[in-house]
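Undergrad: What follows is a structure written as structure tokens; I'll ask about it next.
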Amino acid sequence: MNAMSLNHLWSYLQGLSLTASNQRWLANHLIEAAESAESKSQKKELVFPKIPKDYKPSAKVLAMTCGPLPNNFDVEKELDEMWEERAYHTR
């Protein structure tokens, strides 16, 4: 919202006959919404594990990972999730 819209919103809120309890309720909900938006926008730092150069996946892993992928498979999404999962499990 731009400053003009915020000023209009503030004027509107001041024009309402809100009790102290109503004002507290509104303030708490605005704070909760702001904190939720902040936490969603902040990504946690990823820590990538070191994989040795001579690492060889097991036959079971190769069987699960080799072959054609389904048509609706989102490689980028899966890679992001994999790295996040690895980063959080190594801490």
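Identifiers in the structure tokens: chain A, B, ... in order shown; residue index from 1 per chain; ligand index from 1 in order shown.
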Give me the residues near range 74-82 of chain A as a list in words, where near means some atom within 12 Å (using only C-alpha atoms) and where sequence neighbours in that chain fewer than 4 positions away do not count.
TA: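 The residues that qualify are Leu46, Phe48, Pro49, Leu69, Pro70, Arg86, Ala87, Tyr88 and His89 of chain A.
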Undergrad: Would you give me, as JSON, numbers by chain, the residues in chain A that DSSP reads as helix (DSSP H, G or I)?
TA: {"A": [3, 4, 5, 6, 7, 8, 9, 10, 11, 12, 13, 14, 15, 20, 21, 22, 23, 24, 25, 26, 27, 28, 29, 30, 31, 32, 33, 34, 35, 36, 37, 38, 39, 40, 41, 59, 60, 61, 62, 63, 64, 65, 75, 76, 77, 78, 79, 80, 81, 82, 83, 84, 85, 86, 87, 88, 89]}
Undergrad: Let me see the file: selected residues, C-alpha atoms, as an mmCIF file, in the first residue's frame.
TA:
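In the end it all went to again12.cif:
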```
data_model
loop_
_atom_site.group_PDB
_atom_site.id
_atom_site.type_symbol
_atom_site.label_atom_id
_atom_site.label_comp_id
_atom_site.auth_asym_id
_atom_site.auth_seq_id
_atom_site.Cartn_x
_atom_site.Cartn_y
_atom_site.Cartn_z
ATOM 1 C CA ALA A 3 1.331 6.275 1.907
ATOM 2 C CA MET A 4 -1.907 7.854 0.697
ATOM 3 C CA SER A 5 -3.827 4.577 1.077
ATOM 4 C CA LEU A 6 -2.343 3.992 4.518
ATOM 5 C CA ASN A 7 -3.357 7.505 5.597
ATOM 6 C CA HIS A 8 -6.921 6.874 4.399
ATOM 7 C CA LEU A 9 -6.985 3.559 6.245
ATOM 8 C CA TRP A 10 -5.705 5.220 9.415
ATOM 9 C CA SER A 11 -8.334 7.973 9.121
ATOM 10 C CA TYR A 12 -11.026 5.330 8.678
ATOM 11 C CA LEU A 13 -9.835 3.393 11.735
ATOM 12 C CA GLN A 14 -9.749 6.557 13.833
ATOM 13 C CA GLY A 15 -13.331 7.274 12.791
ATOM 14 C CA ALA A 20 -9.615 -0.363 24.043
ATOM 15 C CA SER A 21 -10.226 -4.103 23.836
ATOM 16 C CA ASN A 22 -11.131 -3.851 20.130
ATOM 17 C CA GLN A 23 -8.051 -1.744 19.460
ATOM 18 C CA ARG A 24 -5.844 -4.289 21.238
ATOM 19 C CA TRP A 25 -7.448 -7.113 19.219
ATOM 20 C CA LEU A 26 -6.835 -5.262 15.942
ATOM 21 C CA ALA A 27 -3.254 -4.412 16.906
ATOM 22 C CA ASN A 28 -2.488 -8.015 17.875
ATOM 23 C CA HIS A 29 -3.881 -9.340 14.602
ATOM 24 C CA LEU A 30 -1.890 -6.805 12.583
ATOM 25 C CA ILE A 31 1.293 -7.739 14.456
ATOM 26 C CA GLU A 32 0.653 -11.465 13.929
ATOM 27 C CA ALA A 33 0.098 -10.911 10.209
ATOM 28 C CA ALA A 34 3.278 -8.832 9.927
ATOM 29 C CA GLU A 35 5.355 -11.435 11.802
ATOM 30 C CA SER A 36 3.942 -14.224 9.654
ATOM 31 C CA ALA A 37 4.775 -12.334 6.462
ATOM 32 C CA GLU A 38 8.307 -11.640 7.737
ATOM 33 C CA SER A 39 8.960 -15.248 8.670
ATOM 34 C CA LYS A 40 7.765 -16.442 5.258
ATOM 35 C CA SER A 41 10.022 -13.970 3.480
ATOM 36 C CA ALA A 59 22.304 -50.335 -6.206
ATOM 37 C CA LYS A 60 19.009 -49.674 -4.402
ATOM 38 C CA VAL A 61 19.421 -45.914 -4.802
ATOM 39 C CA LEU A 62 20.382 -46.297 -8.453
ATOM 40 C CA ALA A 63 17.304 -48.464 -9.058
ATOM 41 C CA MET A 64 15.091 -45.746 -7.547
ATOM 42 C CA THR A 65 16.743 -42.866 -9.363
ATOM 43 C CA VAL A 75 13.100 -31.194 -11.242
ATOM 44 C CA GLU A 76 13.841 -27.723 -9.827
ATOM 45 C CA LYS A 77 11.298 -28.125 -7.021
ATOM 46 C CA GLU A 78 12.626 -31.568 -6.119
ATOM 47 C CA LEU A 79 16.236 -30.331 -6.103
ATOM 48 C CA ASP A 80 15.348 -27.412 -3.830
ATOM 49 C CA GLU A 81 13.526 -29.712 -1.420
ATOM 50 C CA MET A 82 16.382 -32.225 -1.457
ATOM 51 C CA TRP A 83 19.021 -29.618 -0.626
ATOM 52 C CA GLU A 84 16.883 -28.058 2.104
ATOM 53 C CA GLU A 85 16.272 -31.469 3.652
ATOM 54 C CA ARG A 86 19.980 -32.306 3.566
ATOM 55 C CA ALA A 87 20.963 -28.925 4.977
ATOM 56 C CA TYR A 88 18.591 -29.169 7.933
ATOM 57 C CA HIS A 89 19.553 -32.767 8.744
#
```
